[in-house]
Amino acid sequence: MQVEFSLIDFLLVAPALALFVASCIPLLIKVLRGNQEQNDFATLIYAYVGIVVAAGFSLAMSGSQRMAFDGALVFDGLSSFTTVVVLMVTAVALTFARDGSATNSRQFTEAMFLTLNAAVGMLTVVWSNDLIITFVGIELFSLCLYILIAMSLEERLSKEAAFKYFVLGSFASALMLYGISFIYGTVGSTYIPDLIQATPNLLATNRLFLLGFVLLLTGISFKIGVFPFHAWAPDVYQGSPTPLTAFMATGVKAVSLAFLLRLVASQAFTVERFWPFVDVLQWLTVLTILIGNVGAFRQKSLKRMLAYSSIAHSGYIMIGIIAAGIGGAGMLGATGVMFYVFAYAIMTVGAFGVLHMLEVRPDSDLTSEDLRGLAAERPWLALLMTVLLLSLTGIPPTLGFFGKFFIFSAAVKQGLVWLAFWGVIGSVISVYYYLRPVVAMYMETPLLRRETYQMKPLSYFAVALMALLILVVGFASEPFYQVVLTSVAKVF
Amino acid sequence: MLLSFLVFLPLFFALLVAAVPEKLIRPASLIMGLIHFLLSCVLFYRFDPSKPTLQLVEKAAWVPTFGINYFVGIDGISFWLVILSAFLTPLVVLGSWHAIEKNVRAFHICLFLLLTSMVGTFVAMDAILFYVFFETSLIPMYFMVGVWGGARRLYATMKFFIYTMAGSLFMLVAIIALIFMTQDQLGQMSASILDFYKLQIPFVANSFLNTQTLLFFAFSLAFAIKVPMFPVHTWLPDAHVEAPTPGSVILAAVMLKMGTYGFLRFVMPIFPAATEYWAWLFMLLGVVGIIYGALVAMVQPDIKKLVAYSSVSHMGYVMLGLFALNVYGATGGLYQMLNHGVSTGALFFLVGMIYEKTHSRQIADYGGLARVAPIFAIAFLIVTFSSIAVPLTNGFVGEFLILLGSFQANRLMTVFAVLGVILGAVYMLWAVKRVFFGGDGKLVTEHAHDDLDIGAREMFVLAPLVILIFWMGIFPSDFLNWSKASLDHLIQDRTHYELTIED
């Protein structure tokens, strides 16, 4: 077989190449300097340059449906939209990492190398048009993340988190690979368009294929944190250094959901034989929402609280996924999902960012109590946190409200009112735990003895940018909705 | 442009407050509040009360994909509520001159944000825009109670927020359902309330699980919590008691009206069949609220809590009137909404004024106050008369019309509702007796050398309210004529209600 690659193929994957090259330069410099760490700001600049170049390439190439490497990678609206989200959270997370007390060690160069390569893995998943490539991408970013967690300066929880994530993540990957093998056995190909074409037929007739498909969904559910595959999230999110948690909680979810959306476009959920499974999926969604919210309700540690809340948000997004998959006005669901993913990424990165800014030691684990009186001491930071938390709650006119509005709209349109009902119940519970920190910041008597904060201007800027985006995009949700709509239109 | 000005000018004022020097915050806020009120008075010239149409309309696309517009307009139903919001804000600034001592700047920012969301709620003619303002109003009030409130403020503010949010999220889902219904029936997605009126929503009597009934209850729950109706009223006593004086005033005078306004604007015209069918339930709950609120108020040792429970009772009257579904009842209901705003607002001001000086709200601590604070006692007594509906005061007109209307609709319930009039007199007059007359209480002896009476500033706060009490009581048609056309149209054409836009 003759294999030929044209220049356009390389141009299309240029974002990943740019990230990879940018990640290698500081590492190379460090080696040449005799393992001496260079200025961490310089390292960060290299990373920014890589990300900006990557974003430039991806935007320049967006707007058209293209394939690269004989159809192994696909570049359509969905991939370029998710690429932008991933690049954005990567940039923000790296900014945090440079300021972070648990991440900025003598090994910041390595951390930056691993983060950028995790981003490369995420991009691979987003672009992938073949299950094997998807798997490679997932493994690439997972392995980078395992090491990154373990590199934390915090000595106890991070090691536990890394190990837990590694063992459970490997197990999920294995299940997924097992599922892919069944799919290959029945479809005779791992090419996603083939899979999508074959799904409606094979699901109804072939049990092996059904098993493979379910296993594939299981593997993805683990990454997204859907009940009952959510249990790792609180421990891992708490144990990881906060900048990394911000990266994991958003990047991994965004790409996994984008991939899931591609699978769902296969009309699998409309196959009659598959209905019982769709029912199960609906119940899992409901349980995800409830467990996420009730779990968050009971947490003291704010990081754990946000971890559980991210499970709850996965639940809301799953409503959209189901609405996207059951035919009819599936476009509404798909658009709602990607809109929510964007909103979720911004809000979560921002909220973790505020926590990160308040941490003074590598092992800081903030609770609501620690935020007492923050409004008096650092009013702007408290205001930013309030905006982020209100958006997470879904109070209008923030971005979070419109995210929920679009998701619930899709559910109502698709006759899934009862899922919207559970979403509402979940949101009501969430009011309590999202407003707890606000109560602490503004209304409780200030802490008497407070550890001195370091100023982290770059992180501050990043968080402020996120909060601003929440308000601006929330207000101008129509043009943004149109952008998302055209992005997913090709896939559906 | 007038309505947009009224909505967004306070937002601009909030920014200004953030910039003025510390010392000037209160005077500046007072002037800005007065400017806003004067601007709202322009409505008297621009609004034509003889037509039942929607006037001063402004429309701009916001999220066209879902038919959501920035769409504001005013008719006879919202007219007085807008004026009321604008009228109370300068009074609140003046009334809280000494009540608020810490974070003065933040307080006034909250106040103006609240004004924006209140006016916005009343003029929004797009369901989503309405929802946005309706929900946004929670945030400043949440801070107002939580930051400047009393000892149990954290519990109270959280409860307030969760209760209201729980109701309104169900309403959000119902609004979404209506939006898709416009797509099916009118061919185009629209969140405009005017288009909602055109919908034919399937209704089945004697059953709960049909579209119209479910949507009806989704909306009703949101508004019933806000009103608040028995049995979802429990957030109100907590929030009212813990809120600082200005917070209580705005909460009672304006924010409770968002609920009753919602019934008039959404529930009754959009779901006429379900309203007709379930009216008995709301009248019943209204009557239960009237009697229950009065009985509980009677035994309160805390005067602020007494006023809070009297709110439950008064709002029960409003609901009774609205769901009598005739012109008398609805007119009385609307009038009582304004009365309650004026008289309960004034009561909270009065309670706050005396609390500032004595730092006690326990009725048992007072006694003989009339002798040392005669002007205060006179003001209090006038407002009390208004609250218990003595003829020549505004309360009488409202309650009389409501009872007239509900007598036509349901005699038995009216008989019980009339009990509330007596009970109201009992708890208010009894409280007045214990506070103002009798032997000198503990506080009056303690503060023997202090001046407990009200000063000039406080008189400026109370004078407009007292004037209004008599004006509204003696010349009710001065006020009712402005909403008559709209209300008649709403009640008489309820089953096929349509609101047209005045060019």
# chains A, B, ... in the order shown; residues from 1 in each chain; ligands from 1
>>> select_by_dssp(residues="region 13-251 of chain B", states="alpha helix (DSSP H)", output="number ranges by chain")
B: 13-19, 25-41, 43-46, 76-95, 104-123, 127-136, 138-148, 153-186, 193-198, 211-226, 235-242, 245-250
>>> write_last_selection(atoms="C-alpha atoms", output="compact mmCIF listing (two decimals), in the first residue's frame")
# COMPACT_ATOMS: atom_id res chain seq x y z
CA PHE B 13 -26.53 55.06 39.24
CA ALA B 14 -25.06 51.97 40.87
CA LEU B 15 -21.85 52.61 38.94
CA LEU B 16 -21.92 56.25 39.98
CA VAL B 17 -22.35 55.29 43.62
CA ALA B 18 -19.25 53.17 43.28
CA ALA B 19 -17.34 56.30 42.29
CA ILE B 25 -22.87 58.54 49.07
CA ARG B 26 -26.11 59.10 50.94
CA PRO B 27 -27.00 62.55 49.55
CA ALA B 28 -25.99 61.49 46.05
CA SER B 29 -28.11 58.35 46.29
CA LEU B 30 -31.04 60.37 47.54
CA ILE B 31 -30.77 62.76 44.60
CA MET B 32 -30.42 59.90 42.15
CA GLY B 33 -33.42 58.16 43.65
CA LEU B 34 -35.45 61.36 43.32
CA ILE B 35 -34.33 61.82 39.73
CA HIS B 36 -35.47 58.30 38.97
CA PHE B 37 -38.81 58.90 40.66
CA LEU B 38 -39.35 62.17 38.77
CA LEU B 39 -38.51 60.39 35.55
CA SER B 40 -41.04 57.70 36.38
CA CYS B 41 -43.63 60.47 36.85
CA LEU B 43 -45.26 58.05 32.74
CA PHE B 44 -48.32 59.99 33.90
CA TYR B 45 -48.06 62.08 30.72
CA ARG B 46 -47.01 59.39 28.34
CA GLY B 76 -52.55 49.46 33.52
CA ILE B 77 -51.53 46.36 35.47
CA SER B 78 -47.86 47.20 35.72
CA PHE B 79 -48.25 50.97 35.72
CA TRP B 80 -48.62 51.52 39.47
CA LEU B 81 -46.09 48.88 40.39
CA VAL B 82 -43.41 50.69 38.41
CA ILE B 83 -44.34 53.96 40.07
CA LEU B 84 -44.38 52.29 43.49
CA SER B 85 -40.86 50.91 43.02
CA ALA B 86 -39.54 54.27 41.94
CA PHE B 87 -41.44 56.10 44.69
CA LEU B 88 -40.10 53.95 47.50
CA THR B 89 -36.42 54.02 46.58
CA PRO B 90 -35.66 57.63 47.66
CA LEU B 91 -37.68 57.02 50.82
CA VAL B 92 -35.59 53.95 51.53
CA VAL B 93 -32.38 55.92 51.05
CA LEU B 94 -33.64 58.57 53.42
CA GLY B 95 -35.01 56.03 55.87
CA VAL B 104 -22.60 52.13 52.99
CA ARG B 105 -21.36 52.17 49.44
CA ALA B 106 -22.10 48.51 48.80
CA PHE B 107 -25.53 48.94 50.31
CA HIS B 108 -26.53 51.69 47.92
CA ILE B 109 -25.14 49.76 44.97
CA CYS B 110 -27.34 46.85 46.01
CA LEU B 111 -30.29 49.18 46.31
CA PHE B 112 -29.96 50.53 42.78
CA LEU B 113 -29.33 47.07 41.32
CA LEU B 114 -32.51 46.00 43.06
CA LEU B 115 -34.38 48.91 41.55
CA THR B 116 -33.24 47.92 38.06
CA SER B 117 -34.42 44.38 38.51
CA MET B 118 -37.74 45.42 40.08
CA VAL B 119 -38.67 47.88 37.35
CA GLY B 120 -37.40 45.38 34.78
CA THR B 121 -39.61 42.64 36.16
CA PHE B 122 -42.70 44.83 35.87
CA VAL B 123 -42.11 46.13 32.36
CA ALA B 127 -40.97 35.70 29.35
CA ILE B 128 -37.23 35.09 29.42
CA LEU B 129 -36.46 38.75 29.98
CA PHE B 130 -38.98 38.65 32.82
CA TYR B 131 -37.30 35.57 34.22
CA VAL B 132 -33.89 37.23 34.05
CA PHE B 133 -35.07 40.26 36.02
CA PHE B 134 -37.15 38.13 38.38
CA GLU B 135 -34.12 36.03 39.29
CA THR B 136 -31.61 38.86 39.28
CA LEU B 138 -32.67 37.79 44.30
CA ILE B 139 -28.98 38.63 44.31
CA PRO B 140 -29.04 42.18 45.76
CA MET B 141 -31.73 41.17 48.24
CA TYR B 142 -29.68 38.14 49.20
CA PHE B 143 -26.76 40.40 50.02
CA MET B 144 -28.95 42.97 51.70
CA VAL B 145 -30.31 40.45 54.17
CA GLY B 146 -27.05 38.54 54.51
CA VAL B 147 -24.67 41.45 55.04
CA TRP B 148 -26.73 44.03 56.88
CA ARG B 153 -29.35 36.55 58.82
CA LEU B 154 -27.35 33.74 57.21
CA TYR B 155 -30.09 31.20 57.76
CA ALA B 156 -32.77 33.65 56.63
CA THR B 157 -31.03 34.77 53.46
CA MET B 158 -30.18 31.24 52.37
CA LYS B 159 -33.73 30.10 52.96
CA PHE B 160 -35.07 33.07 51.00
CA PHE B 161 -32.81 32.36 48.06
CA ILE B 162 -33.42 28.61 47.90
CA TYR B 163 -37.20 28.91 48.24
CA THR B 164 -37.51 31.50 45.50
CA MET B 165 -35.05 29.78 43.22
CA ALA B 166 -36.80 26.43 43.60
CA GLY B 167 -40.09 27.88 42.45
CA SER B 168 -38.73 29.88 39.59
CA LEU B 169 -36.70 27.06 38.06
CA PHE B 170 -39.90 25.10 37.51
CA MET B 171 -41.28 28.21 35.90
CA LEU B 172 -38.25 28.28 33.61
CA VAL B 173 -39.04 24.79 32.33
CA ALA B 174 -42.67 25.82 31.85
CA ILE B 175 -41.58 28.91 29.91
CA ILE B 176 -39.44 26.71 27.67
CA ALA B 177 -42.43 24.45 27.06
CA LEU B 178 -44.54 27.48 26.11
CA ILE B 179 -41.84 28.74 23.75
CA PHE B 180 -41.91 25.45 21.85
CA MET B 181 -45.68 25.57 21.86
CA THR B 182 -45.59 28.91 20.06
CA GLN B 183 -43.41 27.23 17.46
CA ASP B 184 -46.01 24.54 16.89
CA GLN B 185 -49.09 26.71 16.98
CA LEU B 186 -47.98 30.08 15.65
CA ILE B 193 -45.93 37.00 26.60
CA LEU B 194 -48.26 38.45 23.98
CA ASP B 195 -47.76 35.34 21.86
CA PHE B 196 -48.27 33.12 24.89
CA TYR B 197 -51.74 34.65 25.21
CA LYS B 198 -52.62 33.37 21.74
CA THR B 211 -50.57 20.15 29.76
CA GLN B 212 -52.42 23.21 30.90
CA THR B 213 -52.77 22.11 34.52
CA LEU B 214 -49.10 21.17 34.81
CA LEU B 215 -47.90 24.42 33.29
CA PHE B 216 -50.40 26.32 35.41
CA PHE B 217 -48.98 24.80 38.58
CA ALA B 218 -45.39 25.28 37.49
CA PHE B 219 -46.03 29.01 37.14
CA SER B 220 -48.25 29.19 40.21
CA LEU B 221 -45.63 27.56 42.41
CA ALA B 222 -43.04 30.16 41.47
CA PHE B 223 -45.40 33.05 42.11
CA ALA B 224 -47.05 31.53 45.19
CA ILE B 225 -43.65 31.26 46.85
CA LYS B 226 -42.91 34.86 46.02
CA TRP B 235 -39.31 32.00 54.27
CA LEU B 236 -41.03 35.34 54.73
CA PRO B 237 -41.04 35.78 58.52
CA ASP B 238 -37.38 34.79 58.65
CA ALA B 239 -36.32 37.06 55.83
CA HIS B 240 -38.38 40.00 57.06
CA VAL B 241 -37.24 39.80 60.62
CA GLU B 242 -33.56 39.41 59.81
CA THR B 245 -35.18 48.09 57.74
CA PRO B 246 -34.70 49.14 54.10
CA GLY B 247 -34.52 45.48 53.07
CA SER B 248 -37.78 44.69 54.84
CA VAL B 249 -39.46 47.71 53.28
CA ILE B 250 -38.50 46.80 49.73
>>> residues_around(residues="region 24-38 of chain A", least_positions_apart="6", cutoff="7 Å", atoms="only C-alpha atoms", output="PDB file with C-alpha atoms, in the first residue's frame")
ATOM      1  CA  ARG A 106      12.432  23.018  40.110  1.00  0.00           C
ATOM      2  CA  THR A 109       9.801  22.783  32.656  1.00  0.00           C
ATOM      3  CA  GLU A 110       8.833  19.144  32.870  1.00  0.00           C
ATOM      4  CA  PHE A 113       6.154  19.699  28.811  1.00  0.00           C
TER       5      PHE A 113
END
>>> atom_distance(atom1="CA of Ser409 (chain A)", atom2="CA of Ser137 (chain B)")
23.4 Å
>>> residues_around(residues="Val438 (chain A)", least_positions_apart="3", cutoff="12 Å", atoms="only C-alpha atoms", output="short mmCIF file (atom, residue, chain, number, x, y, z; two decimals) with C-alpha atoms, in the first residue's frame")
data_model
loop_
_atom_site.label_atom_id
_atom_site.label_comp_id
_atom_site.auth_asym_id
_atom_site.auth_seq_id
_atom_site.Cartn_x
_atom_site.Cartn_y
_atom_site.Cartn_z
CA SER A 368 -15.62 27.76 53.17
CA GLU A 369 -14.37 28.76 56.62
CA ASP A 370 -11.06 29.87 55.12
CA LEU A 371 -12.85 32.33 52.87
CA ARG A 372 -14.44 34.23 55.73
CA GLY A 373 -14.05 37.95 55.37
CA LEU A 374 -12.43 37.73 51.97
CA ALA A 375 -14.74 40.44 50.67
CA PRO A 379 -12.99 42.73 47.37
CA LEU A 381 -11.27 38.62 44.09
CA ALA A 382 -14.41 38.00 46.14
CA LEU A 383 -16.47 39.64 43.42
CA LEU A 384 -14.89 37.44 40.73
CA MET A 385 -15.56 34.34 42.80
CA THR A 386 -19.15 35.44 43.29
CA VAL A 387 -19.69 35.88 39.56
CA LEU A 388 -18.19 32.45 38.90
CA LEU A 389 -20.28 30.76 41.57
CA LEU A 390 -23.49 32.47 40.47
CA THR A 393 -25.59 27.99 39.96
CA VAL A 431 -27.89 26.82 45.28
CA TYR A 432 -26.96 25.93 48.83
CA TYR A 433 -23.43 24.77 48.31
CA TYR A 434 -22.50 27.35 45.68
CA LEU A 435 -23.71 30.17 47.88
CA MET A 441 -16.84 35.79 51.94
CA TYR A 442 -19.38 38.53 52.49
CA MET A 443 -21.48 37.80 55.52
CA GLU A 444 -19.49 35.96 58.15
CA ILE B 139 -28.98 38.63 44.31
CA TYR B 142 -29.68 38.14 49.20
CA PHE B 143 -26.76 40.40 50.02
CA GLY B 146 -27.05 38.54 54.51
CA VAL B 147 -24.67 41.45 55.04
CA LEU B 154 -27.35 33.74 57.21
CA THR B 157 -31.03 34.77 53.46
CA MET B 158 -30.18 31.24 52.37
#
>>> closest_residue(among="A:Ala111, A:Ala420, A:Val463, A:Val483", to="chain B", atoms="only C-alpha atoms")
A:Ala420
>>> interface_residues(of="chain A", to="chain B", cutoff="10 Å", atoms="only C-alpha atoms", output="PyMOL selection string")
chain A and resi 376+390+394-398+401+405-406+408-413+415+417+420-421+423-432+435-436+438-440+442-444+475-482
>>> write_last_selection(atoms="N, CA and C atoms", output="compact mmCIF listing (two decimals), in the first residue's frame")
# COMPACT_ATOMS: atom_id res chain seq x y z
N ALA A 376 -13.84 41.74 52.49
CA ALA A 376 -13.27 42.96 53.07
C ALA A 376 -11.80 43.09 52.69
N LEU A 390 -22.12 32.22 40.92
CA LEU A 390 -23.49 32.47 40.47
C LEU A 390 -23.72 31.85 39.10
N GLY A 394 -26.28 28.97 37.86
CA GLY A 394 -27.21 29.18 36.75
C GLY A 394 -28.14 30.34 36.97
N ILE A 395 -27.65 31.38 37.64
CA ILE A 395 -28.46 32.57 37.84
C ILE A 395 -28.32 33.46 36.61
N PRO A 396 -29.43 33.93 36.05
CA PRO A 396 -29.30 34.86 34.92
C PRO A 396 -28.70 36.17 35.38
N PRO A 397 -28.12 36.96 34.52
CA PRO A 397 -27.88 36.73 33.10
C PRO A 397 -26.48 36.19 32.82
N THR A 398 -26.00 35.27 33.61
CA THR A 398 -24.66 34.74 33.38
C THR A 398 -24.68 33.66 32.31
N PHE A 401 -26.48 30.34 33.16
CA PHE A 401 -27.94 30.32 32.97
C PHE A 401 -28.28 29.93 31.55
N PHE A 405 -30.34 26.88 30.13
CA PHE A 405 -31.53 27.16 29.32
C PHE A 405 -31.50 26.35 28.04
N PHE A 406 -30.36 26.31 27.36
CA PHE A 406 -30.30 25.59 26.09
C PHE A 406 -30.43 24.09 26.31
N PHE A 408 -31.97 22.55 28.87
CA PHE A 408 -33.36 22.23 29.26
C PHE A 408 -34.28 22.40 28.06
N SER A 409 -34.01 23.40 27.21
CA SER A 409 -34.82 23.57 26.01
C SER A 409 -34.78 22.31 25.16
N ALA A 410 -33.56 21.81 24.96
CA ALA A 410 -33.42 20.61 24.14
C ALA A 410 -34.22 19.47 24.76
N ALA A 411 -34.12 19.34 26.09
CA ALA A 411 -34.82 18.25 26.76
C ALA A 411 -36.33 18.39 26.59
N VAL A 412 -36.84 19.60 26.77
CA VAL A 412 -38.29 19.80 26.65
C VAL A 412 -38.74 19.52 25.23
N LYS A 413 -37.96 20.02 24.26
CA LYS A 413 -38.32 19.82 22.85
C LYS A 413 -38.36 18.34 22.51
N GLY A 415 -39.10 15.92 24.37
CA GLY A 415 -40.01 15.13 25.20
C GLY A 415 -39.36 14.51 26.42
N VAL A 417 -39.01 15.91 29.35
CA VAL A 417 -39.29 16.89 30.40
C VAL A 417 -38.87 16.38 31.77
N ALA A 420 -35.39 17.21 32.48
CA ALA A 420 -35.28 18.62 32.84
C ALA A 420 -35.73 18.83 34.28
N PHE A 421 -36.77 18.09 34.68
CA PHE A 421 -37.27 18.17 36.05
C PHE A 421 -36.17 17.83 37.04
N GLY A 423 -33.01 17.91 36.45
CA GLY A 423 -32.01 18.96 36.36
C GLY A 423 -32.36 20.13 37.26
N VAL A 424 -33.65 20.47 37.28
CA VAL A 424 -34.12 21.56 38.12
C VAL A 424 -33.91 21.24 39.60
N ILE A 425 -34.27 20.01 39.99
CA ILE A 425 -34.08 19.60 41.38
C ILE A 425 -32.60 19.74 41.76
N GLY A 426 -31.75 19.26 40.84
CA GLY A 426 -30.31 19.35 41.11
C GLY A 426 -29.87 20.80 41.27
N SER A 427 -30.37 21.66 40.39
CA SER A 427 -29.96 23.07 40.46
C SER A 427 -30.38 23.70 41.77
N VAL A 428 -31.56 23.30 42.25
CA VAL A 428 -32.03 23.88 43.51
C VAL A 428 -31.11 23.47 44.66
N ILE A 429 -30.73 22.17 44.66
CA ILE A 429 -29.80 21.74 45.71
C ILE A 429 -28.50 22.52 45.60
N SER A 430 -28.07 22.74 44.35
CA SER A 430 -26.76 23.37 44.16
C SER A 430 -26.72 24.79 44.69
N VAL A 431 -27.88 25.44 44.78
CA VAL A 431 -27.89 26.82 45.28
C VAL A 431 -27.20 26.88 46.64
N TYR A 432 -27.49 25.88 47.47
CA TYR A 432 -26.96 25.93 48.83
C TYR A 432 -25.43 25.90 48.83
N LEU A 435 -23.62 28.89 47.17
CA LEU A 435 -23.71 30.17 47.88
C LEU A 435 -23.01 30.13 49.24
N ARG A 436 -22.67 28.93 49.73
CA ARG A 436 -21.95 28.84 51.00
C ARG A 436 -20.67 29.69 51.00
N VAL A 438 -20.03 32.21 49.16
CA VAL A 438 -20.41 33.63 49.06
C VAL A 438 -20.80 34.14 50.44
N VAL A 439 -21.58 33.33 51.15
CA VAL A 439 -21.95 33.69 52.52
C VAL A 439 -20.70 33.91 53.35
N ALA A 440 -19.75 32.98 53.22
CA ALA A 440 -18.53 33.10 54.02
C ALA A 440 -17.76 34.36 53.67
N TYR A 442 -18.77 37.23 52.28
CA TYR A 442 -19.38 38.53 52.49
C TYR A 442 -20.04 38.70 53.86
N MET A 443 -20.55 37.62 54.42
CA MET A 443 -21.48 37.80 55.52
C MET A 443 -20.97 37.30 56.86
N GLU A 444 -19.92 36.49 56.87
CA GLU A 444 -19.49 35.96 58.15
C GLU A 444 -18.36 36.83 58.71
N PHE A 475 -24.32 37.67 27.95
CA PHE A 475 -25.18 38.71 27.40
C PHE A 475 -25.35 38.53 25.89
N ALA A 476 -24.25 38.22 25.22
CA ALA A 476 -24.31 38.06 23.77
C ALA A 476 -24.42 36.59 23.42
N SER A 477 -25.38 35.90 24.03
CA SER A 477 -25.41 34.45 23.82
C SER A 477 -25.88 34.09 22.43
N GLU A 478 -26.63 34.98 21.78
CA GLU A 478 -27.13 34.64 20.45
C GLU A 478 -26.01 34.42 19.42
N PRO A 479 -25.11 35.42 19.22
CA PRO A 479 -24.06 35.17 18.24
C PRO A 479 -23.23 33.95 18.59
N PHE A 480 -22.98 33.78 19.89
CA PHE A 480 -22.18 32.63 20.28
C PHE A 480 -22.92 31.32 20.02
N TYR A 481 -24.22 31.34 20.27
CA TYR A 481 -25.02 30.13 20.01
C TYR A 481 -24.94 29.78 18.52
N GLN A 482 -24.97 30.81 17.68
CA GLN A 482 -24.88 30.55 16.23
C GLN A 482 -23.55 29.91 15.88
>>> residues_around(residues="Asp130 (chain A)", least_positions_apart="2", cutoff="10 Å", atoms="only C-alpha atoms", output="PyMOL selection string")
chain A and resi 71-74+125+127-128+132-135+189-195
>>> write_last_selection(atoms="N, CA and C atoms", output="compact mmCIF listing (two decimals), in the first residue's frame")
# COMPACT_ATOMS: atom_id res chain seq x y z
N GLY A 71 -8.03 10.20 5.91
CA GLY A 71 -9.29 10.14 6.66
C GLY A 71 -9.13 9.71 8.10
N ALA A 72 -7.90 9.61 8.57
CA ALA A 72 -7.72 9.18 9.96
C ALA A 72 -8.09 10.29 10.93
N LEU A 73 -7.88 11.52 10.49
CA LEU A 73 -8.25 12.65 11.33
C LEU A 73 -9.29 13.47 10.59
N VAL A 74 -10.24 14.03 11.33
CA VAL A 74 -11.26 14.83 10.68
C VAL A 74 -11.23 16.24 11.28
N VAL A 125 -7.74 13.30 20.35
CA VAL A 125 -9.07 12.72 20.56
C VAL A 125 -10.12 13.52 19.80
N TRP A 127 -9.79 15.33 17.13
CA TRP A 127 -9.71 15.24 15.67
C TRP A 127 -9.97 13.83 15.17
N SER A 128 -9.83 12.87 16.07
CA SER A 128 -9.75 11.48 15.64
C SER A 128 -10.98 11.06 14.87
N ILE A 132 -8.95 3.65 17.06
CA ILE A 132 -7.61 3.39 17.58
C ILE A 132 -6.90 4.70 17.88
N ILE A 133 -7.08 5.67 16.98
CA ILE A 133 -6.43 6.97 17.22
C ILE A 133 -7.04 7.64 18.44
N THR A 134 -8.34 7.51 18.58
CA THR A 134 -8.97 8.04 19.78
C THR A 134 -8.34 7.43 21.02
N PHE A 135 -8.17 6.13 20.96
CA PHE A 135 -7.60 5.44 22.12
C PHE A 135 -6.19 5.95 22.41
N SER A 189 -13.92 -2.77 10.93
CA SER A 189 -13.18 -1.52 10.75
C SER A 189 -13.25 -0.72 12.04
N THR A 190 -12.25 0.10 12.24
CA THR A 190 -12.32 0.97 13.42
C THR A 190 -12.56 2.41 13.00
N TYR A 191 -12.82 2.58 11.73
CA TYR A 191 -13.04 3.90 11.15
C TYR A 191 -14.39 4.41 11.65
N ILE A 192 -14.43 5.61 12.24
CA ILE A 192 -15.66 6.05 12.89
C ILE A 192 -16.84 6.22 11.91
N PRO A 193 -16.62 6.79 10.72
CA PRO A 193 -17.77 6.86 9.78
C PRO A 193 -18.35 5.49 9.46
N ASP A 194 -17.48 4.46 9.33
CA ASP A 194 -17.99 3.10 9.11
C ASP A 194 -18.84 2.67 10.28
N LEU A 195 -18.31 2.95 11.47
CA LEU A 195 -19.01 2.57 12.70
C LEU A 195 -20.39 3.24 12.74
>>> residues_around(residues="Val294 (chain A)", least_positions_apart="2", cutoff="9 Å", atoms="only C-alpha atoms", output="list in words")
Ile289, Leu290, Ile291, Gly292, Ala296, Phe297, Arg298, Tyr308, Gly426, Ile429 and Ser430 of chain A
>>> residues_around(residues="Leu392 (chain B)", least_positions_apart="3", cutoff="10 Å", atoms="only C-alpha atoms", output="list of chain:residue names")
B:Phe385, B:Ser386, B:Ala389, B:Gly395, B:Phe396, B:Val397, B:Ile469, B:Phe470, B:Trp471, B:Met472, B:Gly473, B:Ile474, B:Phe475, B:Pro476
>>> residues_around(residues="Ala93 (chain A)", least_positions_apart="4", cutoff="10 Å", atoms="only C-alpha atoms", output="list in words")
Leu87, Met88, Val89, Ala97, Arg98, Asp99, Gly100, Met112, Thr115, Thr242, Pro243, Leu244, Thr245, Ala246, Phe247, Met248, Thr250, Gly251, Val349, Gly350, Phe352, Gly353, Ser459 and Ala462 of chain A
>>> atom_distance(atom1="CA of Gly188 (chain A)", atom2="CA of Ile321 (chain A)")
26.8 Å
>>> atom_distance(atom1="CA of Leu11 (chain A)", atom2="CA of Phe57 (chain A)")
7.6 Å
>>> closest_residue(among="B:Leu256, B:Leu325, B:Lys59, B:Glu101", to="Ile402 (chain B)", atoms="only C-alpha atoms")
B:Leu325
>>> select_by_dssp(residues="region 38-214 of chain A", states="strand (DSSP E or B)", output="NGL selection string")
:A and (66-68 or 73-75 or 128 or 130 or 191)
>>> decode(residues="region 49-53 of chain B", atoms="N, CA and C atoms", output="compact mmCIF listing (two decimals), in the first residue's frame")
# COMPACT_ATOMS: atom_id res chain seq x y z
N PRO B 49 -54.43 56.02 29.99
CA PRO B 49 -55.16 55.03 30.78
C PRO B 49 -56.50 54.61 30.15
N SER B 50 -56.92 55.30 29.11
CA SER B 50 -58.23 54.95 28.56
C SER B 50 -58.16 53.71 27.68
N LYS B 51 -56.97 53.29 27.34
CA LYS B 51 -56.85 52.13 26.43
C LYS B 51 -56.28 50.93 27.18
N PRO B 52 -56.82 49.74 26.92
CA PRO B 52 -56.29 48.55 27.60
C PRO B 52 -55.09 47.95 26.88
N THR B 53 -54.39 48.75 26.11
CA THR B 53 -53.32 48.20 25.28
C THR B 53 -51.98 48.31 25.98
